[in-house]
$ cat start.txt   # compact mmCIF, C-alpha atoms and all ligand atoms
# COMPACT_ATOMS: atom_id res chain seq x y z
CA MET L 1 -93.07 29.14 -63.82
CA LEU L 2 -90.72 26.86 -61.87
CA SER L 3 -91.44 25.74 -58.34
CA VAL L 4 -88.88 26.37 -55.60
CA ALA L 5 -87.78 22.72 -55.68
CA GLU L 6 -87.39 22.76 -59.49
CA ALA L 7 -85.37 25.98 -59.43
CA HIS L 8 -83.19 24.60 -56.64
CA SER L 9 -82.46 21.47 -58.63
CA VAL L 10 -81.61 23.43 -61.83
CA VAL L 11 -79.15 25.52 -59.81
CA LEU L 12 -77.53 22.40 -58.34
CA ASN L 13 -77.11 21.03 -61.86
CA HIS L 14 -74.76 23.91 -62.67
CA LEU L 15 -72.04 23.56 -60.07
CA LEU L 16 -68.66 25.15 -60.54
CA VAL L 17 -65.70 22.86 -61.01
CA THR L 18 -63.33 23.98 -58.27
CA PRO L 19 -59.72 22.82 -58.73
CA ALA L 20 -57.65 21.76 -55.74
CA GLU L 21 -54.62 23.79 -54.57
CA PRO L 22 -51.93 23.12 -51.96
CA ILE L 23 -51.67 25.92 -49.34
CA PRO L 24 -49.77 26.45 -46.06
CA LEU L 25 -51.70 25.06 -43.08
CA PRO L 26 -51.96 28.39 -41.17
CA GLN L 27 -54.03 29.77 -44.08
CA ALA L 28 -56.31 26.77 -44.37
CA ALA L 29 -58.93 27.47 -41.67
CA GLY L 30 -62.41 27.33 -43.18
CA ARG L 31 -61.23 25.81 -46.45
CA VAL L 32 -62.52 22.51 -47.86
CA LEU L 33 -60.26 19.48 -47.71
CA ARG L 34 -59.33 17.77 -50.98
CA GLU L 35 -57.14 14.99 -49.57
CA PRO L 36 -58.02 12.69 -46.67
CA LEU L 37 -56.19 13.26 -43.40
CA THR L 38 -54.76 9.99 -42.11
CA ALA L 39 -52.94 9.19 -38.89
CA ASP L 40 -49.21 9.14 -39.66
CA ARG L 41 -48.65 7.44 -36.26
CA ASP L 42 -50.80 5.80 -33.65
CA LEU L 43 -52.80 8.27 -31.56
CA PRO L 44 -51.43 8.68 -29.00
CA PRO L 45 -48.07 7.56 -30.43
CA PHE L 46 -46.77 6.25 -27.07
CA ASN L 47 -48.16 5.34 -23.66
CA ARG L 48 -48.68 8.89 -22.46
CA VAL L 49 -48.71 9.89 -18.81
CA SER L 50 -51.95 11.82 -18.24
CA MET L 51 -51.45 13.07 -14.66
CA ASP L 52 -48.45 14.55 -12.84
CA GLY L 53 -47.33 12.14 -10.09
CA ILE L 54 -45.37 8.90 -9.86
CA ALA L 55 -45.27 5.84 -12.10
CA ILE L 56 -45.11 2.44 -10.41
CA GLN L 57 -45.47 -1.18 -11.23
CA TYR L 58 -49.01 -2.12 -10.20
CA ALA L 59 -47.88 -5.57 -9.08
CA ALA L 60 -45.90 -3.94 -6.25
CA PHE L 61 -48.96 -1.98 -5.08
CA GLU L 62 -51.05 -5.16 -5.26
CA THR L 63 -48.75 -6.92 -2.80
CA GLY L 64 -49.57 -4.19 -0.26
CA GLN L 65 -46.57 -1.93 -0.78
CA ARG L 66 -47.45 1.74 -0.17
CA GLN L 67 -44.04 3.43 0.06
CA PHE L 68 -41.91 3.81 -3.07
CA ARG L 69 -38.41 5.28 -3.26
CA VAL L 70 -38.21 7.93 -6.02
CA ALA L 71 -35.52 6.77 -8.45
CA GLY L 72 -35.69 9.75 -10.85
CA THR L 73 -37.95 12.02 -12.88
CA GLN L 74 -39.41 11.47 -16.35
CA PHE L 75 -40.27 14.77 -18.03
CA ALA L 76 -42.32 15.31 -21.19
CA GLY L 77 -40.14 15.56 -24.27
CA GLN L 78 -37.63 12.94 -23.13
CA PRO L 79 -37.16 9.36 -24.30
CA ALA L 80 -38.65 6.79 -21.91
CA GLN L 81 -36.54 6.02 -18.84
CA THR L 82 -36.50 2.55 -17.34
CA LEU L 83 -37.50 1.66 -13.80
CA THR L 84 -34.93 -0.97 -12.92
CA ASN L 85 -35.99 -1.58 -9.32
CA GLU L 86 -39.62 -2.67 -9.44
CA THR L 87 -40.29 -1.64 -5.85
CA ALA L 88 -39.20 1.97 -6.56
CA CYS L 89 -40.97 4.63 -8.67
CA LEU L 90 -40.23 7.48 -11.06
CA GLU L 91 -41.81 10.90 -10.86
CA VAL L 92 -43.64 11.52 -14.13
CA MET L 93 -45.13 14.59 -15.77
CA THR L 94 -48.26 14.85 -17.93
CA GLY L 95 -47.31 14.35 -21.57
CA ALA L 96 -44.24 12.25 -20.78
CA MET L 97 -43.67 8.72 -22.07
CA LEU L 98 -44.64 6.16 -19.46
CA PRO L 99 -41.28 4.79 -18.21
CA THR L 100 -40.43 1.23 -19.21
CA GLY L 101 -41.08 -1.15 -16.34
CA THR L 102 -44.05 0.86 -15.01
CA ASP L 103 -47.73 0.60 -15.86
CA THR L 104 -49.67 2.80 -13.43
CA VAL L 105 -49.60 6.47 -12.40
CA ILE L 106 -50.60 7.92 -9.01
CA ARG L 107 -51.38 11.65 -8.88
CA TYR L 108 -49.45 13.99 -6.60
CA GLU L 109 -52.76 14.76 -4.85
CA ASP L 110 -52.87 11.13 -3.66
CA LEU L 111 -49.25 11.05 -2.44
CA GLN L 112 -47.07 12.34 0.32
CA ILE L 113 -43.42 12.66 -0.76
CA THR L 114 -40.91 13.10 2.03
CA ASP L 115 -37.14 12.78 1.69
CA GLY L 116 -37.36 10.98 -1.64
CA LEU L 117 -39.94 8.49 -0.40
CA ALA L 118 -43.42 8.59 -1.96
CA GLU L 119 -46.26 7.24 0.14
CA ILE L 120 -49.52 6.35 -1.58
CA ARG L 121 -52.41 7.61 0.57
CA ILE L 122 -55.33 5.99 -1.22
CA ASP L 123 -56.44 2.37 -1.53
CA ALA L 124 -58.45 2.66 -4.73
CA VAL L 125 -55.77 2.29 -7.38
CA GLN L 126 -56.46 0.54 -10.66
CA ALA L 127 -53.85 -1.10 -12.82
CA GLY L 128 -53.01 1.18 -15.76
CA GLN L 129 -54.71 4.27 -14.34
CA ASN L 130 -53.75 7.75 -15.54
CA VAL L 131 -52.09 6.36 -18.64
CA HIS L 132 -53.39 7.29 -22.11
CA HIS L 133 -52.41 4.10 -23.87
CA ARG L 134 -50.81 4.04 -27.29
CA ALA L 135 -53.26 3.76 -30.21
CA THR L 136 -56.38 3.86 -28.02
CA ASP L 137 -57.70 6.91 -29.96
CA ARG L 138 -56.79 5.95 -33.52
CA LYS L 139 -54.44 3.48 -35.25
CA GLN L 140 -51.65 4.45 -37.66
CA ASN L 141 -52.93 4.86 -41.27
CA GLU L 142 -56.54 5.18 -40.12
CA GLU L 143 -58.51 7.88 -41.99
CA LEU L 144 -59.24 10.72 -39.59
CA VAL L 145 -60.92 13.33 -41.80
CA PRO L 146 -62.50 12.55 -45.19
CA ILE L 147 -62.24 14.62 -48.38
CA GLY L 148 -64.90 17.33 -48.57
CA THR L 149 -64.74 18.39 -44.92
CA ARG L 150 -64.53 22.06 -44.03
CA LEU L 151 -61.45 22.70 -41.88
CA GLY L 152 -62.86 23.85 -38.54
CA PRO L 153 -60.99 23.96 -35.23
CA PRO L 154 -60.76 20.16 -34.61
CA GLU L 155 -59.81 19.44 -38.23
CA MET L 156 -57.05 22.08 -38.12
CA ALA L 157 -55.67 20.54 -34.91
CA VAL L 158 -55.71 17.07 -36.46
CA ALA L 159 -54.06 18.35 -39.66
CA ALA L 160 -51.26 19.90 -37.59
CA SER L 161 -50.79 16.79 -35.48
CA VAL L 162 -50.39 14.55 -38.54
CA GLY L 163 -47.80 16.91 -40.04
CA LYS L 164 -49.74 18.61 -42.85
CA ALA L 165 -47.54 21.72 -43.20
CA THR L 166 -49.03 22.05 -46.68
CA ILE L 167 -52.56 20.88 -47.27
CA LEU L 168 -54.66 20.30 -50.37
CA VAL L 169 -57.91 22.31 -50.39
CA SER L 170 -60.51 23.50 -52.90
CA LYS L 171 -59.58 26.73 -54.62
CA ARG L 172 -61.89 29.53 -53.52
CA PRO L 173 -64.28 30.38 -56.38
CA LYS L 174 -63.90 33.97 -57.59
CA ILE L 175 -67.33 35.56 -57.53
CA ALA L 176 -68.22 39.10 -58.68
CA LEU L 177 -71.05 40.69 -56.70
CA ILE L 178 -72.61 43.35 -58.89
CA SER L 179 -75.25 45.86 -57.88
CA THR L 180 -77.21 47.51 -60.69
CA GLY L 181 -79.35 50.63 -60.60
CA ASP L 182 -79.14 54.37 -61.27
CA GLU L 183 -80.71 55.15 -57.90
CA LEU L 184 -77.83 53.52 -55.99
CA VAL L 185 -74.85 55.41 -54.61
CA ASP L 186 -71.75 54.27 -52.76
CA VAL L 187 -71.77 53.80 -48.99
CA SER L 188 -69.47 56.81 -48.61
CA GLU L 189 -71.79 59.19 -50.49
CA THR L 190 -74.67 61.35 -49.28
CA PRO L 191 -77.70 60.33 -51.34
CA GLU L 192 -79.90 62.89 -53.11
CA PRO L 193 -83.59 62.64 -52.16
CA TYR L 194 -84.19 60.27 -55.13
CA GLN L 195 -81.21 58.03 -54.34
CA ILE L 196 -80.34 55.34 -51.79
CA ARG L 197 -77.04 53.78 -50.76
CA ARG L 198 -76.43 50.34 -52.20
CA SER L 199 -76.53 47.61 -49.57
CA ASN L 200 -77.25 44.29 -51.31
CA THR L 201 -73.68 43.52 -52.30
CA TYR L 202 -72.57 43.90 -48.68
CA LEU L 203 -75.20 41.41 -47.64
CA LEU L 204 -74.12 39.02 -50.39
CA GLN L 205 -70.46 39.42 -49.53
CA THR L 206 -71.18 38.46 -45.93
CA VAL L 207 -73.03 35.33 -46.98
CA LEU L 208 -70.52 34.18 -49.60
CA GLN L 209 -67.28 35.00 -47.84
CA ALA L 210 -68.33 33.02 -44.78
CA ALA L 211 -69.05 30.08 -47.05
CA GLY L 212 -65.61 30.24 -48.68
CA ALA L 213 -65.82 32.38 -51.83
CA GLU L 214 -63.43 35.11 -52.90
CA THR L 215 -65.66 38.09 -53.63
CA THR L 216 -65.30 41.46 -55.36
CA LEU L 217 -67.92 44.23 -55.24
CA LEU L 218 -68.81 46.04 -58.46
CA HIS L 219 -71.56 48.40 -59.55
CA LEU L 220 -73.22 49.08 -62.91
CA PRO L 221 -75.73 51.70 -64.07
CA ASP L 222 -79.07 50.91 -65.71
CA ASP L 223 -77.67 51.10 -69.24
CA ALA L 224 -77.67 48.02 -71.43
CA ASP L 225 -74.60 48.91 -73.51
CA THR L 226 -72.48 49.92 -70.53
CA MET L 227 -73.52 46.72 -68.78
CA GLU L 228 -72.69 44.56 -71.77
CA THR L 229 -69.23 46.06 -72.21
CA ALA L 230 -68.36 45.81 -68.53
CA LEU L 231 -69.82 42.34 -67.97
CA LYS L 232 -67.94 40.91 -70.95
CA THR L 233 -64.68 41.48 -69.08
CA VAL L 234 -66.13 40.48 -65.72
CA LEU L 235 -67.29 37.17 -67.18
CA GLN L 236 -63.75 36.39 -68.30
CA GLU L 237 -62.21 37.22 -64.93
CA TYR L 238 -64.61 35.49 -62.54
CA ASP L 239 -66.02 32.00 -62.08
CA ALA L 240 -69.49 33.29 -61.33
CA LEU L 241 -71.45 36.54 -61.27
CA VAL L 242 -74.14 37.46 -58.79
CA LEU L 243 -76.13 40.50 -59.88
CA SER L 244 -78.76 42.25 -57.83
CA GLY L 245 -81.57 44.19 -59.46
CA GLY L 246 -82.65 44.68 -63.04
CA VAL L 247 -84.41 41.34 -63.52
CA SER L 248 -88.09 42.29 -63.25
CA ALA L 249 -90.52 43.84 -65.76
CA GLY L 250 -89.33 47.46 -65.68
CA LYS L 251 -88.08 49.49 -68.64
CA ALA L 252 -84.62 49.65 -67.05
CA ASP L 253 -84.43 45.95 -66.13
CA PHE L 254 -81.76 44.87 -68.63
CA VAL L 255 -80.03 41.95 -66.94
CA PRO L 256 -81.74 39.04 -68.77
CA ASN L 257 -81.21 40.65 -72.21
CA VAL L 258 -77.63 41.61 -71.60
CA MET L 259 -76.84 38.12 -70.37
CA GLU L 260 -78.31 36.53 -73.48
CA ARG L 261 -76.22 38.90 -75.61
CA LEU L 262 -73.12 37.77 -73.73
CA GLY L 263 -73.85 34.09 -74.35
CA VAL L 264 -75.05 33.30 -70.86
CA ARG L 265 -78.07 31.13 -71.57
CA GLN L 266 -81.12 31.54 -69.37
CA ARG L 267 -81.88 28.35 -67.40
CA PHE L 268 -84.91 29.88 -65.70
CA HIS L 269 -86.55 33.23 -65.08
CA GLN L 270 -89.15 33.56 -62.31
CA VAL L 271 -89.87 31.13 -59.52
CA ALA L 272 -93.27 30.64 -57.89
CA GLN L 273 -92.22 32.23 -54.61
CA ARG L 274 -92.46 35.37 -52.53
CA PRO L 275 -90.20 37.13 -52.08
CA GLY L 276 -87.90 36.71 -55.05
CA LYS L 277 -90.30 35.79 -57.85
CA PRO L 278 -88.26 37.53 -60.63
CA LEU L 279 -85.12 35.42 -59.90
CA TRP L 280 -83.06 34.82 -63.05
CA PHE L 281 -80.43 32.07 -63.46
CA GLY L 282 -78.14 31.32 -66.38
CA ALA L 283 -74.94 29.59 -67.40
CA SER L 284 -72.56 29.88 -70.35
CA ASP L 285 -71.20 26.97 -72.33
CA GLU L 286 -67.80 27.65 -70.73
CA GLY L 287 -69.31 26.87 -67.31
CA LYS L 288 -69.67 30.45 -66.02
CA VAL L 289 -72.70 30.74 -63.77
CA VAL L 290 -74.83 33.86 -63.32
CA PHE L 291 -77.42 34.55 -60.65
CA GLY L 292 -79.68 37.53 -61.38
CA LEU L 293 -81.17 38.21 -57.97
CA PRO L 294 -84.23 40.46 -57.63
CA GLY L 295 -83.14 43.85 -56.30
CA ASN L 296 -85.42 44.20 -53.31
CA PRO L 297 -83.10 43.50 -50.39
CA VAL L 298 -85.21 40.81 -48.69
CA SER L 299 -85.56 39.02 -52.04
CA THR L 300 -81.83 39.23 -52.61
CA PHE L 301 -81.21 37.79 -49.17
CA LEU L 302 -83.76 34.99 -49.44
CA CYS L 303 -82.47 33.95 -52.87
CA ALA L 304 -78.90 34.04 -51.59
CA TYR L 305 -79.82 31.68 -48.75
CA ARG L 306 -82.16 29.37 -50.60
CA TYR L 307 -80.23 28.98 -53.91
CA LEU L 308 -76.83 30.66 -53.97
CA LEU L 309 -75.46 29.31 -50.70
CA PRO L 310 -76.32 25.62 -51.35
CA TRP L 311 -74.88 26.04 -54.85
CA LEU L 312 -71.62 27.43 -53.46
CA LYS L 313 -71.38 24.70 -50.83
CA ALA L 314 -72.06 21.95 -53.34
CA SER L 315 -69.53 23.50 -55.76
CA LEU L 316 -66.93 23.35 -53.00
CA GLY L 317 -67.75 19.68 -52.36
CA LEU L 318 -69.47 20.34 -49.03
CA PRO L 319 -72.65 18.52 -48.04
CA VAL L 320 -75.85 20.54 -48.46
CA LEU L 321 -77.71 19.86 -45.24
CA PRO L 322 -81.50 19.95 -45.06
CA PRO L 323 -83.03 22.95 -43.28
CA SER L 324 -84.10 22.72 -39.65
CA VAL L 325 -87.78 22.45 -38.78
CA ALA L 326 -89.82 24.57 -36.36
CA ARG L 327 -93.44 25.01 -35.35
CA LEU L 328 -95.41 28.12 -36.16
CA ALA L 329 -95.95 30.15 -33.01
CA ARG L 330 -99.00 31.87 -34.58
CA SER L 331 -101.34 31.10 -37.46
CA VAL L 332 -100.51 32.67 -40.83
CA SER L 333 -102.62 33.33 -43.90
CA PHE L 334 -101.06 33.56 -47.40
CA PRO L 335 -103.57 33.06 -50.26
CA PRO L 336 -101.34 33.47 -53.40
CA GLN L 337 -100.30 30.18 -55.00
CA LEU L 338 -96.64 30.83 -54.29
CA THR L 339 -94.18 29.36 -51.83
CA TYR L 340 -94.04 31.92 -49.06
CA PHE L 341 -90.75 32.49 -47.30
CA LEU L 342 -91.95 33.96 -44.08
CA PRO L 343 -89.39 35.91 -42.01
CA VAL L 344 -89.40 34.40 -38.51
CA ARG L 345 -87.82 34.80 -35.13
CA LEU L 346 -86.85 31.50 -33.52
CA SER L 347 -87.13 30.43 -29.90
CA VAL L 348 -87.37 27.20 -27.96
CA SER L 349 -90.53 26.30 -26.01
CA PRO L 350 -90.22 25.18 -22.36
CA ASP L 351 -90.56 21.55 -23.54
CA GLY L 352 -87.72 21.93 -26.04
CA ILE L 353 -89.66 22.46 -29.29
CA GLY L 354 -88.34 24.96 -31.86
CA LEU L 355 -90.87 27.78 -32.33
CA ALA L 356 -91.01 30.26 -35.20
CA ALA L 357 -92.72 33.59 -34.56
CA PRO L 358 -93.84 35.24 -37.84
CA LEU L 359 -92.33 38.69 -38.48
CA PRO L 360 -93.62 39.41 -41.99
CA GLY L 361 -92.52 43.07 -41.94
CA SER L 362 -93.73 45.37 -44.68
CA GLY L 363 -92.53 43.38 -47.69
CA SER L 364 -89.42 42.57 -49.65
CA ALA L 365 -87.92 46.07 -49.47
CA ASP L 366 -88.08 46.09 -45.65
CA TYR L 367 -84.54 45.05 -44.90
CA ALA L 368 -84.69 46.61 -41.43
CA ASN L 369 -87.17 43.85 -40.52
CA LEU L 370 -84.41 41.29 -41.06
CA LEU L 371 -82.59 42.67 -38.04
CA GLN L 372 -85.24 41.07 -35.82
CA CYS L 373 -85.33 37.78 -37.77
CA ASP L 374 -83.39 34.54 -37.54
CA GLY L 375 -84.49 32.97 -40.80
CA PHE L 376 -87.18 32.24 -43.37
CA MET L 377 -89.86 29.60 -42.88
CA GLU L 378 -90.82 27.88 -46.17
CA LEU L 379 -94.60 27.58 -46.45
CA PRO L 380 -95.85 25.47 -49.39
CA PRO L 381 -97.81 27.08 -52.28
CA GLU L 382 -100.84 24.78 -52.38
CA ARG L 383 -102.31 26.10 -49.13
CA ALA L 384 -103.50 29.48 -47.91
CA GLU L 385 -103.84 28.87 -44.18
CA PHE L 386 -101.10 27.70 -41.84
CA SER L 387 -102.04 26.91 -38.28
CA GLU L 388 -100.25 27.58 -35.05
CA GLY L 389 -98.26 24.50 -34.04
CA GLU L 390 -97.70 23.18 -37.60
CA ALA L 391 -94.09 22.33 -38.44
CA PHE L 392 -92.27 23.64 -41.56
CA PRO L 393 -88.66 23.93 -42.72
CA VAL L 394 -86.71 27.03 -41.69
CA TYR L 395 -83.63 28.44 -43.41
CA THR L 396 -81.76 30.13 -40.60
CA PHE L 397 -79.12 32.77 -41.04
CA ARG L 398 -78.06 33.33 -37.45
N1 LIG J 401 -94.69 44.94 -63.05
C1 LIG J 401 -93.96 44.24 -62.17
N2 LIG J 401 -93.15 44.90 -61.34
C2 LIG J 401 -92.43 44.24 -60.42
C3 LIG J 401 -92.51 42.84 -60.35
C4 LIG J 401 -93.35 42.17 -61.24
O1 LIG J 401 -93.46 40.93 -61.24
N3 LIG J 401 -94.05 42.91 -62.16
N4 LIG J 401 -91.78 42.19 -59.41
C5 LIG J 401 -91.51 42.92 -58.21
C6 LIG J 401 -90.62 42.17 -57.39
S1 LIG J 401 -91.28 40.82 -56.65
C7 LIG J 401 -89.34 42.55 -57.16
S2 LIG J 401 -88.39 41.69 -56.01
C8 LIG J 401 -88.72 43.65 -57.84
C9 LIG J 401 -87.41 43.15 -58.48
O2 LIG J 401 -86.89 44.14 -59.18
P1 LIG J 401 -85.53 44.10 -59.96
O3 LIG J 401 -84.79 42.87 -59.72
O4 LIG J 401 -85.79 44.52 -61.34
O5 LIG J 401 -84.70 45.21 -59.17
P2 LIG J 401 -84.72 46.76 -59.38
O6 LIG J 401 -85.91 47.17 -60.13
O7 LIG J 401 -83.41 47.17 -59.90
O8 LIG J 401 -84.82 47.22 -57.87
C10 LIG J 401 -85.89 46.86 -57.05
C11 LIG J 401 -85.75 47.58 -55.71
O9 LIG J 401 -84.60 47.13 -55.05
C12 LIG J 401 -83.74 48.21 -54.72
N5 LIG J 401 -82.34 47.78 -54.87
C13 LIG J 401 -81.79 47.26 -55.97
N6 LIG J 401 -80.50 47.00 -55.77
C14 LIG J 401 -80.21 47.38 -54.53
C15 LIG J 401 -79.02 47.40 -53.75
N7 LIG J 401 -77.85 46.94 -54.22
N8 LIG J 401 -79.09 47.83 -52.48
C16 LIG J 401 -80.25 48.31 -52.00
N9 LIG J 401 -81.42 48.32 -52.69
C17 LIG J 401 -81.39 47.88 -53.93
C18 LIG J 401 -84.09 49.26 -55.75
O10 LIG J 401 -83.73 50.54 -55.33
C19 LIG J 401 -85.57 49.07 -55.90
O11 LIG J 401 -86.28 49.75 -54.87
O12 LIG J 401 -89.53 44.16 -58.85
C20 LIG J 401 -90.92 44.31 -58.49
N10 LIG J 401 -91.60 44.93 -59.59
O1 LIG J 402 -89.29 39.29 -54.91
MO1 LIG J 402 -90.25 40.71 -54.74
O2 LIG J 402 -89.65 40.04 -53.62
O3 LIG J 402 -91.64 39.92 -53.84
O4 LIG J 402 -90.56 42.28 -53.99
MG MG J 403 -86.80 46.47 -61.72
$ encode --input "start.txt" --output "structure tokens" --more "lines below"
Ligand SMILES: Nc1nc2c(c(=O)[nH]1)N[C@H]1C(S)=C(S)[C@@H](COP(=O)(O)OP(=O)(O)OC[C@H]3O[C@@H](n4cnc5c(N)ncnc54)[C@H](O)[C@@H]3O)O[C@H]1N2
Ligand code: MOO
Ligand SMILES: [Mg+2]
Amino acid sequence: MLSVAEAHSVVLNHLLVTPAEPIPLPQAAGRVLREPLTADRDLPPFNRVSMDGIAIQYAAFETGQRQFRVAGTQFAGQPAQTLTNETACLEVMTGAMLPTGTDTVIRYEDLQITDGLAEIRIDAVQAGQNVHHRATDRKQNEELVPIGTRLGPPEMAVAASVGKATILVSKRPKIALISTGDELVDVSETPEPYQIRRSNTYLLQTVLQAAGAETTLLHLPDDADTMETALKTVLQEYDALVLSGGVSAGKADFVPNVMERLGVRQRFHQVAQRPGKPLWFGASDEGKVVFGLPGNPVSTFLCAYRYLLPWLKASLGLPVLPPSVARLARSVSFPPQLTYFLPVRLSVSPDGIGLAAPLPGSGSADYANLLQCDGFMELPPERAEFSEGEAFPVYTFR
């Protein structure tokens, strides 16, 4: 049986190839950049007034002059005016070009303007103050955002400011999320006593959509022939399939067999972990990838976070960051020789240390327990006892 690290590395060896596509900028939030963003001009592109007030020549102030005749007003959105008389000033507005012949701006708060005469009422004035000088942020042609960055708020602002009306991003992978099981009914139905509503695909959709996939929810019964027929088409239409349920040892667990029949070769089945031991993973020669997640909801969730999400991120060209680390708030015992993903609630101690309080719940079907949790702490398989205060990685989902 594979270890968690081995399974993780097999999964990351089967990334999707995601083509790039140009899309309109307003639709690009959250997408992954496939071209670098470079400064088309200096940033800022001109000496920009950064306070409303007057612009003067500092040399005049330095000689002791405190009263300046207002020769005009420079608004934002106008070409630079010129101060011809160096002992006068121009009123200037934030965002305007600094007028030619001036170098320093005094705020209205530090002035008294009466009858067109501005009097400076402070002595502490520095040459060049309140001016955001051209190219102090970035130079023209400098790379601002590298390929492979997710377009968050600052990246979107930068993309707009450098004129990317159309922007090249990774195409969103099309992923089918498929629940399996005769006991499962739709969310809109009233279950019989022997039925439950299906919930796993909603959980998976939430994880994958946030990470940038285009998802569709499907459902299949526990019937091998029906599954085979339906999945044949699904495999053609989607880049990847994520199934939940039907991968364990039961007489109605058909997923591994059906996948083999469809030419999706098993890369591993079972991982030395709890929850999620029956995890199945396969790929076809055409590059279609299939995750067969164990049906118990906590297993589905853990496997989605530990394997599926890094795989999706890496497929999109995003960095896969290491998990955070926290200290156990209480001792834990787990004798089986399996990696134990312990549900935890996170907090910060008074001295700033991340603490993880164990909330094991009643097992991998107890999805209600997840409502109180922030993530899973990964406890290694070779030990049975884990002491309070010991630090381990945590995969957080909040
Ligand atoms: N003899 C053995 N039995 C089991 C083993 C084992 O190693 N030997 N492994 C156990 C473990 S661990 C898990 S996890 C489950 C995995 O089972 P399957 O992947 O085959 O999933 P199912 O049998 O279809 O369902 C299990 C459980 O999960 C519920 N389920 C399934 N899909 C959904 C859904 N979309 N939404 C909500 N709940 C779902 C289903 O009703 C079952 O209760 O096998 C153990 N057995
Ligand atoms: O993966 Mo199963 O998770 O232990 O019930
Ligand atoms: Mg089963």
$ closest_residue --input "start.txt" --among "L:Cys89, L:Ala329, L:Ala165, L:Val247" --to "L:His269" --atoms "only C-alpha atoms"
L:Val247
$ residues_around --input "start.txt" --residues "L:Glu21" --least-positions-apart "5" --cutoff "9 Å" --atoms "all atoms listed in the file" --output "ChimeraX atom specification"
/L:34,167-171
$ write_last_selection --input "start.txt" --atoms "C-alpha atoms" --output "PDB file, in the coordinates of the input"
ATOM      1  CA  ARG L  34     -59.330  17.770 -50.980  1.00  0.00           C
ATOM      2  CA  ILE L 167     -52.560  20.880 -47.270  1.00  0.00           C
ATOM      3  CA  LEU L 168     -54.660  20.300 -50.370  1.00  0.00           C
ATOM      4  CA  VAL L 169     -57.910  22.310 -50.390  1.00  0.00           C
ATOM      5  CA  SER L 170     -60.510  23.500 -52.900  1.00  0.00           C
ATOM      6  CA  LYS L 171     -59.580  26.730 -54.620  1.00  0.00           C
TER       7      LYS L 171
END
$ residues_near_ligand --input "start.txt" --ligand "ligand LIG 401 (chain J)" --cutoff "10 Å" --atoms "only C-alpha atoms and all ligand atoms" --output "ChimeraX atom specification"
/L:177-186,194-204,219,221-222,243-255,270,273-280,292-300,363-367
$ residues_around --input "start.txt" --residues "stretch 68-85 of chain L" --least-positions-apart "6" --cutoff "8 Å" --atoms "only C-alpha atoms" --output "PDB file with C-alpha atoms, in the frame of the given file"
ATOM      1  CA  GLU L  91     -41.810  10.900 -10.860  1.00  0.00           C
ATOM      2  CA  VAL L  92     -43.640  11.520 -14.130  1.00  0.00           C
ATOM      3  CA  MET L  93     -45.130  14.590 -15.770  1.00  0.00           C
ATOM      4  CA  THR L  94     -48.260  14.850 -17.930  1.00  0.00           C
ATOM      5  CA  GLY L  95     -47.310  14.350 -21.570  1.00  0.00           C
ATOM      6  CA  ALA L  96     -44.240  12.250 -20.780  1.00  0.00           C
ATOM      7  CA  MET L  97     -43.670   8.720 -22.070  1.00  0.00           C
ATOM      8  CA  LEU L  98     -44.640   6.160 -19.460  1.00  0.00           C
ATOM      9  CA  PRO L  99     -41.280   4.790 -18.210  1.00  0.00           C
ATOM     10  CA  THR L 100     -40.430   1.230 -19.210  1.00  0.00           C
ATOM     11  CA  GLY L 101     -41.080  -1.150 -16.340  1.00  0.00           C
ATOM     12  CA  THR L 102     -44.050   0.860 -15.010  1.00  0.00           C
ATOM     13  CA  GLY L 116     -37.360  10.980  -1.640  1.00  0.00           C
ATOM     14  CA  LEU L 117     -39.940   8.490  -0.400  1.00  0.00           C
ATOM     15  CA  ALA L 118     -43.420   8.590  -1.960  1.00  0.00           C
ATOM     16  CA  GLU L 119     -46.260   7.240   0.140  1.00  0.00           C
TER      17      GLU L 119
END
$ residues_near_point --input "start.txt" --point "(-51.4, 10.6, -2.4)" --cutoff "8 Å" --atoms "all atoms listed in the file" --output "PyMOL selection string"
chain L and resi 106-112+119-122
$ closest_atom_pairs --input "start.txt" --of "stretch 95-205 of chain L" --to "stretch 35-48 of chain L" --cutoff "6 Å" --atoms "all atoms listed in the file" --output "CSV"
residue,atom,partner,partner_atom,distance
L:Gly95,CA,L:Arg48,CA,5.7
L:Ala96,CA,L:Arg48,CA,5.8
L:Met97,CA,L:Arg48,CA,5.0
L:Leu98,CA,L:Asn47,CA,5.5
L:Val131,CA,L:Arg48,CA,5.7
L:His132,CA,L:Arg48,CA,5.0
L:His133,CA,L:Asn47,CA,4.4
L:Arg134,CA,L:Phe46,CA,4.6
L:Ala135,CA,L:Asp42,CA,4.7
L:Asp137,CA,L:Leu43,CA,5.3
L:Arg138,CA,L:Leu43,CA,5.0
L:Lys139,CA,L:Asp42,CA,4.6
L:Gln140,CA,L:Asp42,CA,4.3
L:Asn141,CA,L:Ala39,CA,4.9
L:Glu142,CA,L:Thr38,CA,5.5
L:Glu143,CA,L:Thr38,CA,4.3
L:Leu144,CA,L:Thr38,CA,5.2
L:Val145,CA,L:Leu37,CA,5.0
L:Pro146,CA,L:Pro36,CA,4.7
L:Ile147,CA,L:Pro36,CA,4.9
L:Val162,CA,L:Asp40,CA,5.6
L:Leu168,CA,L:Glu35,CA,5.9
$ atom_distance --input "start.txt" --atom1 "atom CA of L:Ser362" --atom2 "atom CA of L:Arg327"
22.4 Å
$ closest_residue --input "start.txt" --among "L:Gly354, L:Pro336, L:Gly263, L:Pro24" --to "ligand LIG 402 (chain J)" --atoms "all atoms listed in the file"
L:Pro336
